[in-house]
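Novice: So here's target29.cif (mmCIF, C-alpha atoms).
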data_coords
loop_
_atom_site.group_PDB
_atom_site.id
_atom_site.type_symbol
_atom_site.label_atom_id
_atom_site.label_comp_id
_atom_site.auth_asym_id
_atom_site.auth_seq_id
_atom_site.Cartn_x
_atom_site.Cartn_y
_atom_site.Cartn_z
ATOM 1 C CA MET A 1 -2.328 -16.737 21.945
ATOM 2 C CA GLU A 2 -0.451 -14.882 24.671
ATOM 3 C CA VAL A 3 1.957 -12.153 23.579
ATOM 4 C CA GLU A 4 5.086 -13.936 24.803
ATOM 5 C CA GLU A 5 4.012 -17.169 23.148
ATOM 6 C CA PHE A 6 3.576 -15.297 19.891
ATOM 7 C CA ARG A 7 6.914 -13.546 20.375
ATOM 8 C CA ALA A 8 8.619 -16.924 20.686
ATOM 9 C CA GLU A 9 6.854 -18.133 17.531
ATOM 10 C CA VAL A 10 8.146 -15.132 15.584
ATOM 11 C CA ARG A 11 11.670 -15.396 17.006
ATOM 12 C CA ASN A 12 11.901 -19.103 16.172
ATOM 13 C CA TRP A 13 10.448 -18.653 12.707
ATOM 14 C CA LEU A 14 12.942 -15.901 11.861
ATOM 15 C CA ALA A 15 15.831 -17.995 13.183
ATOM 16 C CA ASP A 16 14.734 -20.910 10.999
ATOM 17 C CA ASN A 17 13.968 -18.894 7.868
ATOM 18 C CA LEU A 18 16.355 -15.941 7.742
ATOM 19 C CA VAL A 19 19.132 -18.263 6.593
ATOM 20 C CA GLY A 20 20.715 -19.310 3.316
ATOM 21 C CA GLU A 21 19.812 -16.969 0.452
ATOM 22 C CA TRP A 22 17.453 -15.022 2.741
ATOM 23 C CA ALA A 23 20.311 -14.200 5.139
ATOM 24 C CA ALA A 24 21.896 -12.018 2.442
ATOM 25 C CA LEU A 25 18.906 -9.663 2.787
ATOM 26 C CA LYS A 26 19.553 -8.793 6.429
ATOM 27 C CA GLY A 27 19.434 -5.056 7.057
ATOM 28 C CA LEU A 28 18.432 -4.139 3.514
ATOM 29 C CA GLY A 29 15.722 -1.664 2.528
ATOM 30 C CA GLY A 30 14.022 1.083 4.480
ATOM 31 C CA PRO A 31 13.674 4.837 3.905
ATOM 32 C CA GLY A 32 16.241 6.086 1.407
ATOM 33 C CA ARG A 33 17.239 2.509 0.619
ATOM 34 C CA GLU A 34 14.116 1.078 -1.007
ATOM 35 C CA HIS A 35 16.122 0.245 -4.142
ATOM 36 C CA GLU A 36 18.147 -2.378 -2.278
ATOM 37 C CA ALA A 37 17.279 -5.908 -3.473
ATOM 38 C CA PHE A 38 13.681 -4.925 -4.090
ATOM 39 C CA ALA A 39 12.734 -8.073 -6.016
ATOM 40 C CA GLU A 40 14.317 -10.280 -3.371
ATOM 41 C CA ARG A 41 12.604 -8.401 -0.532
ATOM 42 C CA LEU A 42 9.303 -8.749 -2.400
ATOM 43 C CA ALA A 43 9.861 -12.510 -2.460
ATOM 44 C CA TRP A 44 10.707 -12.417 1.260
ATOM 45 C CA ASN A 45 7.530 -10.434 2.014
ATOM 46 C CA ARG A 46 5.524 -13.122 0.169
ATOM 47 C CA HIS A 47 7.350 -15.764 2.208
ATOM 48 C CA LEU A 48 6.202 -13.967 5.377
ATOM 49 C CA ALA A 49 2.646 -13.919 4.026
ATOM 50 C CA ALA A 50 2.681 -17.649 3.337
ATOM 51 C CA ALA A 51 3.680 -18.185 6.975
ATOM 52 C CA GLY A 52 0.794 -16.040 8.258
ATOM 53 C CA LEU A 53 3.099 -13.214 9.365
ATOM 54 C CA THR A 54 1.499 -10.355 7.457
ATOM 55 C CA CYS A 55 -1.716 -8.453 8.256
ATOM 56 C CA LEU A 56 -1.427 -9.498 11.897
ATOM 57 C CA GLY A 57 -4.047 -7.046 13.139
ATOM 58 C CA TRP A 58 -6.580 -7.639 10.356
ATOM 59 C CA PRO A 59 -9.750 -9.483 11.398
ATOM 60 C CA VAL A 60 -9.637 -13.224 10.810
ATOM 61 C CA GLU A 61 -12.581 -13.042 8.420
ATOM 62 C CA HIS A 62 -10.495 -10.831 6.141
ATOM 63 C CA GLY A 63 -7.462 -13.103 6.163
ATOM 64 C CA GLY A 64 -5.602 -11.628 9.121
ATOM 65 C CA ARG A 65 -4.853 -13.082 12.542
ATOM 66 C CA GLY A 66 -6.896 -10.660 14.643
ATOM 67 C CA LEU A 67 -3.961 -9.948 16.947
ATOM 68 C CA THR A 68 -3.628 -7.036 19.342
ATOM 69 C CA VAL A 69 -1.322 -4.040 19.156
ATOM 70 C CA ALA A 70 0.859 -5.709 21.815
ATOM 71 C CA HIS A 71 1.300 -8.748 19.550
ATOM 72 C CA ARG A 72 2.259 -6.500 16.647
ATOM 73 C CA VAL A 73 4.789 -4.642 18.792
ATOM 74 C CA ALA A 74 6.314 -7.988 19.754
ATOM 75 C CA PHE A 75 6.523 -8.965 16.084
ATOM 76 C CA TYR A 76 8.371 -5.790 15.098
ATOM 77 C CA GLU A 77 10.698 -5.975 18.087
ATOM 78 C CA GLU A 78 11.733 -9.491 17.081
ATOM 79 C CA TYR A 79 11.866 -8.516 13.428
ATOM 80 C CA ALA A 80 14.261 -5.661 14.211
ATOM 81 C CA ARG A 81 16.314 -7.828 16.569
ATOM 82 C CA ALA A 82 16.804 -10.364 13.755
ATOM 83 C CA ASP A 83 17.864 -7.539 11.370
ATOM 84 C CA ALA A 84 15.258 -8.800 8.899
ATOM 85 C CA PRO A 85 14.886 -6.879 5.606
ATOM 86 C CA ASP A 86 12.415 -4.035 5.298
ATOM 87 C CA LYS A 87 9.060 -5.205 3.946
ATOM 88 C CA VAL A 88 7.771 -3.763 0.660
ATOM 89 C CA ASN A 89 4.019 -3.914 1.336
ATOM 90 C CA HIS A 90 3.576 -1.329 4.096
ATOM 91 C CA LEU A 91 1.185 0.918 2.156
ATOM 92 C CA GLY A 92 -1.111 -1.952 1.287
ATOM 93 C CA GLU A 93 -0.979 -3.827 4.574
ATOM 94 C CA GLU A 94 -1.078 -0.873 6.973
ATOM 95 C CA LEU A 95 -2.967 1.867 5.076
ATOM 96 C CA VAL A 96 -5.342 0.891 2.258
ATOM 97 C CA GLY A 97 -6.108 -2.585 3.629
ATOM 98 C CA PRO A 98 -7.455 -1.398 6.999
ATOM 99 C CA THR A 99 -9.328 1.410 5.214
ATOM 100 C CA LEU A 100 -11.102 -1.120 2.991
ATOM 101 C CA ILE A 101 -11.872 -3.303 6.005
ATOM 102 C CA GLU A 102 -13.488 -0.338 7.760
ATOM 103 C CA PHE A 103 -15.162 1.483 4.872
ATOM 104 C CA GLY A 104 -15.012 -0.669 1.719
ATOM 105 C CA THR A 105 -17.885 -2.572 0.165
ATOM 106 C CA PRO A 106 -17.930 -6.374 0.393
ATOM 107 C CA ALA A 107 -17.096 -6.498 -3.331
ATOM 108 C CA GLN A 108 -14.070 -4.228 -2.828
ATOM 109 C CA GLN A 109 -12.923 -6.311 0.126
ATOM 110 C CA ARG A 110 -13.170 -9.525 -1.888
ATOM 111 C CA ARG A 111 -11.344 -7.964 -4.838
ATOM 112 C CA PHE A 112 -8.448 -6.262 -3.073
ATOM 113 C CA LEU A 113 -7.756 -7.704 0.378
ATOM 114 C CA PRO A 114 -6.465 -11.166 -0.648
ATOM 115 C CA ALA A 115 -3.927 -9.648 -3.062
ATOM 116 C CA ILE A 116 -2.711 -7.252 -0.360
ATOM 117 C CA ARG A 117 -2.436 -10.039 2.205
ATOM 118 C CA ASP A 118 -0.535 -12.298 -0.211
ATOM 119 C CA VAL A 119 1.627 -9.387 -1.512
ATOM 120 C CA THR A 120 0.624 -10.056 -5.125
ATOM 121 C CA GLU A 121 -0.484 -6.458 -5.724
ATOM 122 C CA LEU A 122 1.422 -3.429 -4.410
ATOM 123 C CA TRP A 123 -0.030 -0.012 -3.597
ATOM 124 C CA CYS A 124 1.149 3.590 -3.452
ATOM 125 C CA GLN A 125 -0.420 6.689 -1.904
ATOM 126 C CA GLY A 126 -1.692 9.543 -4.098
ATOM 127 C CA TYR A 127 -1.968 12.362 -1.560
ATOM 128 C CA SER A 128 0.639 15.164 -1.777
ATOM 129 C CA GLU A 129 0.566 17.635 -4.663
ATOM 130 C CA PRO A 130 3.027 20.304 -5.883
ATOM 131 C CA GLY A 131 0.710 23.146 -4.845
ATOM 132 C CA ALA A 132 -0.561 21.564 -1.663
ATOM 133 C CA GLY A 133 2.264 19.571 -0.105
ATOM 134 C CA SER A 134 0.723 17.520 2.663
ATOM 135 C CA ASP A 135 -2.230 19.898 3.094
ATOM 136 C CA LEU A 136 -4.802 17.364 1.948
ATOM 137 C CA ALA A 137 -7.630 19.897 2.126
ATOM 138 C CA ALA A 138 -5.913 21.876 -0.653
ATOM 139 C CA VAL A 139 -5.652 19.124 -3.272
ATOM 140 C CA SER A 140 -6.741 20.088 -6.785
ATOM 141 C CA THR A 141 -6.511 16.774 -8.664
ATOM 142 C CA SER A 142 -10.034 16.376 -10.042
ATOM 143 C CA ALA A 143 -12.299 13.374 -10.506
ATOM 144 C CA VAL A 144 -15.408 13.575 -12.688
ATOM 145 C CA LEU A 145 -18.039 10.853 -12.669
ATOM 146 C CA GLY A 146 -19.013 9.607 -16.104
ATOM 147 C CA GLY A 147 -20.158 6.474 -17.850
ATOM 148 C CA ASP A 148 -20.525 4.606 -21.085
ATOM 149 C CA SER A 149 -23.413 5.454 -23.365
ATOM 150 C CA GLY A 150 -26.627 4.298 -21.739
ATOM 151 C CA ALA A 151 -25.016 3.633 -18.374
ATOM 152 C CA SER A 152 -27.002 4.322 -15.231
ATOM 153 C CA GLU A 153 -26.434 4.216 -11.505
ATOM 154 C CA ALA A 154 -28.176 0.836 -11.419
ATOM 155 C CA THR A 155 -25.838 -0.819 -13.921
ATOM 156 C CA GLY A 156 -22.667 -0.053 -12.021
ATOM 157 C CA ASN A 157 -21.121 0.740 -15.404
ATOM 158 C CA ARG A 158 -19.768 4.139 -14.410
ATOM 159 C CA HIS A 159 -16.239 5.406 -13.972
ATOM 160 C CA TRP A 160 -14.242 8.296 -12.591
ATOM 161 C CA SER A 161 -12.067 10.334 -14.949
ATOM 162 C CA ILE A 162 -9.050 11.737 -13.065
ATOM 163 C CA ASN A 163 -6.824 14.682 -14.000
ATOM 164 C CA GLY A 164 -4.001 16.214 -11.997
ATOM 165 C CA GLN A 165 -0.606 15.560 -10.478
ATOM 166 C CA LYS A 166 0.666 13.933 -7.307
ATOM 167 C CA VAL A 167 4.221 14.160 -5.966
ATOM 168 C CA TRP A 168 6.412 12.348 -3.407
ATOM 169 C CA THR A 169 4.439 9.204 -4.250
ATOM 170 C CA SER A 170 6.413 6.491 -2.481
ATOM 171 C CA LEU A 171 7.134 3.324 -4.502
ATOM 172 C CA ALA A 172 4.739 4.220 -7.343
ATOM 173 C CA HIS A 173 7.181 2.811 -9.904
ATOM 174 C CA TRP A 174 6.739 -0.644 -8.333
ATOM 175 C CA ALA A 175 3.022 -0.436 -7.542
ATOM 176 C CA GLN A 176 0.057 -1.694 -9.528
ATOM 177 C CA TRP A 177 -2.536 0.462 -7.717
ATOM 178 C CA CYS A 178 -2.718 3.903 -6.128
ATOM 179 C CA PHE A 179 -5.235 5.205 -3.593
ATOM 180 C CA VAL A 180 -5.861 8.753 -4.778
ATOM 181 C CA LEU A 181 -7.402 11.682 -2.931
ATOM 182 C CA ALA A 182 -9.206 13.790 -5.541
ATOM 183 C CA ARG A 183 -11.692 16.657 -5.643
ATOM 184 C CA SER A 184 -14.895 15.077 -6.892
ATOM 185 C CA GLU A 185 -17.247 18.041 -6.447
ATOM 186 C CA LYS A 186 -16.476 20.924 -8.780
ATOM 187 C CA GLY A 187 -16.091 24.201 -6.913
ATOM 188 C CA SER A 188 -15.814 22.557 -3.502
ATOM 189 C CA LYS A 189 -13.427 23.979 -0.926
ATOM 190 C CA ARG A 190 -11.108 22.519 1.653
ATOM 191 C CA HIS A 191 -12.320 19.300 3.270
ATOM 192 C CA ALA A 192 -15.631 19.141 1.424
ATOM 193 C CA GLY A 193 -16.045 17.400 -1.922
ATOM 194 C CA LEU A 194 -13.130 14.957 -1.705
ATOM 195 C CA SER A 195 -13.148 11.281 -2.693
ATOM 196 C CA TYR A 196 -10.770 8.398 -1.971
ATOM 197 C CA LEU A 197 -10.398 6.468 -5.237
ATOM 198 C CA LEU A 198 -8.667 3.179 -6.051
ATOM 199 C CA VAL A 199 -6.852 3.735 -9.347
ATOM 200 C CA PRO A 200 -5.007 1.166 -11.509
ATOM 201 C CA LEU A 201 -1.623 2.508 -12.638
ATOM 202 C CA ASP A 202 -1.150 0.324 -15.716
ATOM 203 C CA GLN A 203 -3.170 2.462 -18.138
ATOM 204 C CA PRO A 204 -2.440 5.099 -20.817
ATOM 205 C CA GLY A 205 -3.654 8.001 -18.655
ATOM 206 C CA VAL A 206 -0.985 7.535 -15.977
ATOM 207 C CA GLU A 207 2.646 8.677 -16.207
ATOM 208 C CA ILE A 208 5.102 7.911 -13.392
ATOM 209 C CA ARG A 209 8.385 9.855 -13.175
ATOM 210 C CA PRO A 210 10.854 8.747 -10.489
ATOM 211 C CA ILE A 211 12.521 11.533 -8.474
ATOM 212 C CA VAL A 212 16.234 10.822 -8.044
ATOM 213 C CA GLN A 213 17.376 11.693 -4.502
ATOM 214 C CA LEU A 214 20.840 12.561 -3.211
ATOM 215 C CA THR A 215 21.099 8.972 -2.006
ATOM 216 C CA GLY A 216 20.805 7.778 -5.612
ATOM 217 C CA ASP A 217 17.527 6.074 -4.779
ATOM 218 C CA SER A 218 14.197 6.935 -6.423
ATOM 219 C CA GLU A 219 11.670 5.771 -3.878
ATOM 220 C CA PHE A 220 9.584 8.923 -4.508
ATOM 221 C CA ASN A 221 7.802 9.745 -7.758
ATOM 222 C CA GLU A 222 5.739 12.316 -9.576
ATOM 223 C CA VAL A 223 2.505 10.812 -10.923
ATOM 224 C CA PHE A 224 0.502 12.521 -13.674
ATOM 225 C CA PHE A 225 -3.140 11.643 -14.369
ATOM 226 C CA THR A 226 -4.577 12.608 -17.758
ATOM 227 C CA ASP A 227 -8.116 11.306 -18.155
ATOM 228 C CA ALA A 228 -7.085 8.264 -16.151
ATOM 229 C CA ARG A 229 -10.021 6.055 -15.319
ATOM 230 C CA THR A 230 -11.211 3.840 -12.544
ATOM 231 C CA ASP A 231 -14.521 2.101 -11.963
ATOM 232 C CA ALA A 232 -16.974 3.929 -9.722
#
Once you've parsed the file, please lay out its structure as structure tokens.

Specialist:
Amino acid sequence: MEVEEFRAEVRNWLADNLVGEWAALKGLGGPGREHEAFAERLAWNRHLAAAGLTCLGWPVEHGGRGLTVAHRVAFYEEYARADAPDKVNHLGEELVGPTLIEFGTPAQQRRFLPAIRDVTELWCQGYSEPGAGSDLAAVSTSAVLGGDSGASEATGNRHWSINGQKVWTSLAHWAQWCFVLARSEKGSKRHAGLSYLLVPLDQPGVEIRPIVQLTGDSEFNEVFFTDARTDA
């Protein structure tokens, strides 16, 4: 599909759909305003997904449309022109999803990509730490590989145990999963010995504390991991 043909598709779809109850969402959301009509914008984001207007650049075999950067630019230009509400699935659609497409196992892709594409599971980013800021080579959150009694590498019955703290974790209080950068080799320094782990947030070892901003919003959070677990 040519870019201008796709642009017209997006423009017409928004004109037909951003009406009625959806029209009340125009202009809502975005940085500092993530609290605005979050549940309604989640429903809108799922409505976009049902129309094939999420994950535009993902390969077709992973549920996307395989479109170019130029197509995506056209989408966002029309989206902004229509004053459509800010989407809630940026971290899943634009960050962890493409990472799993590039580096994930087939099992991970089957497990996670459909729920990202359909906006049925939301993600947050576990990167920054109080003592490291955005210096990702200085993270100290630790991950230790363990397993149930009798487990072996062959059984796949192993897990990571995670301890530490992340901060400025956008939208963690609405997310079900967090992609966490942790130090998985004891004694390692800087860029060596780090792992990128997919961690479920609904478990006893995770505490999420919203950070109230001057705007009154709490889009950022502190996240504490105390023997939190995720499958290896």

Novice: For the provided coordinates, the residues matched by the PyMOL selection byres ((chain A and resi 2) around 12) should be stated as a list in words.

Specialist: Met1, Val3, Glu4, Glu5, Phe6, Arg7, Ala8, Glu9, Leu67, Thr68, Ala70, His71, Arg72 and Ala74 of chain A

Novice: For A:Leu91, which residue out of A:Pro106, A:Gly57, A:Ala37, A:Ala175 is the nearest one, using all atoms listed in the file?

Specialist: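 The answer is A:Ala175, which sits nearest to A:Leu91.
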
Novice: Determine the nearest neighbour of A:Ala24 from the options A:Gly66, A:Gly146, A:Gly216, A:Pro85, counting all atoms listed in the file.

Specialist: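 Among the listed residues, the smallest separation from A:Ala24 belongs to A:Pro85.
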
Novice: Let me make sure I understand: among A:Tyr79, A:Phe112, A:Phe220, A:Trp22, which one has the smallest atom-to-atom distance to A:Phe179 if we use all atoms listed in the file?

Specialist: A:Phe112

Novice: Counting all atoms listed in the file, which of A:Val73, A:Val180, A:Leu42, A:Val212 gets nearest to A:Pro200?

Specialist: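 Checking each of A:Val73, A:Val180, A:Leu42, A:Val212 against A:Pro200, counting all atoms listed in the file, the winner is A:Val180.
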
Novice: Record the distance separating atom CA of A:Gly205 and atom CA of A:Ala115, expressed in Å with one decimal.

Specialist: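 Atom-to-atom, atom CA of A:Gly205 to atom CA of A:Ala115, that is 23.6 Å.
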
Novice: Take atom CA of A:Thr226 and atom CA of A:Ser140 and report the distance between them in Å, one decimal.

Specialist: 13.5 Å

Novice: A:Phe75, A:Tyr127, A:Trp168, A:Trp174: which is nearest A:Asp202, counting all atoms listed in the file?

Specialist: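 Once distances to A:Asp202 are computed over all atoms listed in the file, the minimum belongs to A:Trp174.
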
Novice: Can you pull out every residue within 10 Å of A:Glu129, counting all atoms listed in the file, but drop anything in the same chain fewer than 3 positions away, and send it as a ChimeraX atom specification?

Specialist: /A:126,132-136,138-141,164-169,222-223

Novice: For stretch 21-49 of chain A of the block above, can you save N, CA, C and O atoms as a PDB file, in the first residue's frame?

Specialist:
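Saved as decode.pdb:
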ATOM      1  N   GLU A  21     -19.140   8.623  21.911  1.00  0.00           N
ATOM      2  CA  GLU A  21     -18.451   8.567  23.203  1.00  0.00           C
ATOM      3  C   GLU A  21     -16.941   8.691  23.041  1.00  0.00           C
ATOM      4  O   GLU A  21     -16.252   9.202  23.928  1.00  0.00           O
ATOM      5  N   TRP A  22     -16.400   8.238  21.887  1.00  0.00           N
ATOM      6  CA  TRP A  22     -14.960   8.361  21.664  1.00  0.00           C
ATOM      7  C   TRP A  22     -14.540   9.820  21.496  1.00  0.00           C
ATOM      8  O   TRP A  22     -13.415  10.186  21.842  1.00  0.00           O
ATOM      9  N   ALA A  23     -15.419  10.664  20.962  1.00  0.00           N
ATOM     10  CA  ALA A  23     -15.060  12.060  20.716  1.00  0.00           C
ATOM     11  C   ALA A  23     -14.706  12.782  22.004  1.00  0.00           C
ATOM     12  O   ALA A  23     -13.926  13.739  21.994  1.00  0.00           O
ATOM     13  N   ALA A  24     -15.285  12.339  23.128  1.00  0.00           N
ATOM     14  CA  ALA A  24     -14.996  12.972  24.420  1.00  0.00           C
ATOM     15  C   ALA A  24     -13.547  12.763  24.851  1.00  0.00           C
ATOM     16  O   ALA A  24     -13.064  13.445  25.764  1.00  0.00           O
ATOM     17  N   LEU A  25     -12.843  11.835  24.194  1.00  0.00           N
ATOM     18  CA  LEU A  25     -11.455  11.542  24.568  1.00  0.00           C
ATOM     19  C   LEU A  25     -10.444  12.403  23.817  1.00  0.00           C
ATOM     20  O   LEU A  25      -9.245  12.330  24.100  1.00  0.00           O
ATOM     21  N   LYS A  26     -10.914  13.209  22.880  1.00  0.00           N
ATOM     22  CA  LYS A  26      -9.973  13.997  22.074  1.00  0.00           C
ATOM     23  C   LYS A  26      -9.046  14.827  22.950  1.00  0.00           C
ATOM     24  O   LYS A  26      -9.474  15.508  23.880  1.00  0.00           O
ATOM     25  N   GLY A  27      -7.751  14.742  22.643  1.00  0.00           N
ATOM     26  CA  GLY A  27      -6.751  15.551  23.330  1.00  0.00           C
ATOM     27  C   GLY A  27      -6.335  15.060  24.692  1.00  0.00           C
ATOM     28  O   GLY A  27      -5.465  15.671  25.331  1.00  0.00           O
ATOM     29  N   LEU A  28      -6.902  13.970  25.169  1.00  0.00           N
ATOM     30  CA  LEU A  28      -6.599  13.506  26.523  1.00  0.00           C
ATOM     31  C   LEU A  28      -5.353  12.626  26.540  1.00  0.00           C
ATOM     32  O   LEU A  28      -5.001  11.978  25.565  1.00  0.00           O
ATOM     33  N   GLY A  29      -4.690  12.603  27.717  1.00  0.00           N
ATOM     34  CA  GLY A  29      -3.522  11.763  27.915  1.00  0.00           C
ATOM     35  C   GLY A  29      -2.236  12.456  27.513  1.00  0.00           C
ATOM     36  O   GLY A  29      -2.206  13.651  27.215  1.00  0.00           O
ATOM     37  N   GLY A  30      -1.157  11.696  27.536  1.00  0.00           N
ATOM     38  CA  GLY A  30       0.153  12.243  27.204  1.00  0.00           C
ATOM     39  C   GLY A  30       0.981  12.495  28.448  1.00  0.00           C
ATOM     40  O   GLY A  30       0.493  12.365  29.579  1.00  0.00           O
ATOM     41  N   PRO A  31       2.245  12.859  28.282  1.00  0.00           N
ATOM     42  CA  PRO A  31       3.135  13.085  29.426  1.00  0.00           C
ATOM     43  C   PRO A  31       2.562  14.088  30.415  1.00  0.00           C
ATOM     44  O   PRO A  31       2.116  15.171  30.041  1.00  0.00           O
ATOM     45  N   GLY A  32       2.555  13.697  31.686  1.00  0.00           N
ATOM     46  CA  GLY A  32       2.006  14.545  32.741  1.00  0.00           C
ATOM     47  C   GLY A  32       0.501  14.484  32.849  1.00  0.00           C
ATOM     48  O   GLY A  32      -0.093  15.066  33.758  1.00  0.00           O
ATOM     49  N   ARG A  33      -0.137  13.768  31.917  1.00  0.00           N
ATOM     50  CA  ARG A  33      -1.599  13.699  31.905  1.00  0.00           C
ATOM     51  C   ARG A  33      -2.083  12.263  31.687  1.00  0.00           C
ATOM     52  O   ARG A  33      -3.168  12.043  31.175  1.00  0.00           O
ATOM     53  N   GLU A  34      -1.255  11.297  32.071  1.00  0.00           N
ATOM     54  CA  GLU A  34      -1.603   9.899  31.844  1.00  0.00           C
ATOM     55  C   GLU A  34      -2.822   9.459  32.656  1.00  0.00           C
ATOM     56  O   GLU A  34      -3.456   8.454  32.335  1.00  0.00           O
ATOM     57  N   HIS A  35      -3.141  10.220  33.717  1.00  0.00           N
ATOM     58  CA  HIS A  35      -4.288   9.853  34.553  1.00  0.00           C
ATOM     59  C   HIS A  35      -5.624  10.149  33.863  1.00  0.00           C
ATOM     60  O   HIS A  35      -6.668   9.660  34.291  1.00  0.00           O
ATOM     61  N   GLU A  36      -5.603  10.936  32.804  1.00  0.00           N
ATOM     62  CA  GLU A  36      -6.851  11.368  32.188  1.00  0.00           C
ATOM     63  C   GLU A  36      -7.539  10.208  31.466  1.00  0.00           C
ATOM     64  O   GLU A  36      -7.007   9.661  30.497  1.00  0.00           O
ATOM     65  N   ALA A  37      -8.714   9.835  31.936  1.00  0.00           N
ATOM     66  CA  ALA A  37      -9.568   8.832  31.277  1.00  0.00           C
ATOM     67  C   ALA A  37      -8.774   7.603  30.868  1.00  0.00           C
ATOM     68  O   ALA A  37      -8.895   7.110  29.740  1.00  0.00           O
ATOM     69  N   PHE A  38      -7.985   7.082  31.798  1.00  0.00           N
ATOM     70  CA  PHE A  38      -7.096   5.975  31.427  1.00  0.00           C
ATOM     71  C   PHE A  38      -7.883   4.755  30.947  1.00  0.00           C
ATOM     72  O   PHE A  38      -7.557   4.152  29.918  1.00  0.00           O
ATOM     73  N   ALA A  39      -8.916   4.372  31.686  1.00  0.00           N
ATOM     74  CA  ALA A  39      -9.695   3.193  31.298  1.00  0.00           C
ATOM     75  C   ALA A  39     -10.333   3.377  29.923  1.00  0.00           C
ATOM     76  O   ALA A  39     -10.372   2.447  29.105  1.00  0.00           O
ATOM     77  N   GLU A  40     -10.815   4.572  29.656  1.00  0.00           N
ATOM     78  CA  GLU A  40     -11.453   4.843  28.373  1.00  0.00           C
ATOM     79  C   GLU A  40     -10.420   4.848  27.242  1.00  0.00           C
ATOM     80  O   GLU A  40     -10.689   4.369  26.135  1.00  0.00           O
ATOM     81  N   ARG A  41      -9.234   5.394  27.514  1.00  0.00           N
ATOM     82  CA  ARG A  41      -8.184   5.383  26.491  1.00  0.00           C
ATOM     83  C   ARG A  41      -7.658   3.972  26.256  1.00  0.00           C
ATOM     84  O   ARG A  41      -7.245   3.633  25.129  1.00  0.00           O
ATOM     85  N   LEU A  42      -7.658   3.136  27.299  1.00  0.00           N
ATOM     86  CA  LEU A  42      -7.312   1.729  27.117  1.00  0.00           C
ATOM     87  C   LEU A  42      -8.300   1.064  26.165  1.00  0.00           C
ATOM     88  O   LEU A  42      -7.907   0.330  25.240  1.00  0.00           O
ATOM     89  N   ALA A  43      -9.588   1.329  26.371  1.00  0.00           N
ATOM     90  CA  ALA A  43     -10.606   0.776  25.474  1.00  0.00           C
ATOM     91  C   ALA A  43     -10.410   1.287  24.047  1.00  0.00           C
ATOM     92  O   ALA A  43     -10.567   0.535  23.069  1.00  0.00           O
ATOM     93  N   TRP A  44     -10.074   2.568  23.909  1.00  0.00           N
ATOM     94  CA  TRP A  44      -9.820   3.143  22.586  1.00  0.00           C
ATOM     95  C   TRP A  44      -8.612   2.474  21.932  1.00  0.00           C
ATOM     96  O   TRP A  44      -8.644   2.145  20.738  1.00  0.00           O
ATOM     97  N   ASN A  45      -7.553   2.249  22.703  1.00  0.00           N
ATOM     98  CA  ASN A  45      -6.350   1.603  22.165  1.00  0.00           C
ATOM     99  C   ASN A  45      -6.683   0.190  21.663  1.00  0.00           C
ATOM    100  O   ASN A  45      -6.194  -0.258  20.622  1.00  0.00           O
ATOM    101  N   ARG A  46      -7.568  -0.509  22.388  1.00  0.00           N
ATOM    102  CA  ARG A  46      -8.004  -1.841  21.943  1.00  0.00           C
ATOM    103  C   ARG A  46      -8.866  -1.742  20.678  1.00  0.00           C
ATOM    104  O   ARG A  46      -8.824  -2.626  19.818  1.00  0.00           O
ATOM    105  N   HIS A  47      -9.621  -0.669  20.571  1.00  0.00           N
ATOM    106  CA  HIS A  47     -10.424  -0.419  19.375  1.00  0.00           C
ATOM    107  C   HIS A  47      -9.504  -0.212  18.164  1.00  0.00           C
ATOM    108  O   HIS A  47      -9.769  -0.736  17.072  1.00  0.00           O
ATOM    109  N   LEU A  48      -8.414   0.533  18.361  1.00  0.00           N
ATOM    110  CA  LEU A  48      -7.413   0.699  17.306  1.00  0.00           C
ATOM    111  C   LEU A  48      -6.834  -0.652  16.902  1.00  0.00           C
ATOM    112  O   LEU A  48      -6.647  -0.938  15.715  1.00  0.00           O
ATOM    113  N   ALA A  49      -6.530  -1.481  17.908  1.00  0.00           N
ATOM    114  CA  ALA A  49      -5.932  -2.790  17.630  1.00  0.00           C
ATOM    115  C   ALA A  49      -6.871  -3.654  16.802  1.00  0.00           C
ATOM    116  O   ALA A  49      -6.443  -4.336  15.856  1.00  0.00           O
TER     117      ALA A  49
END
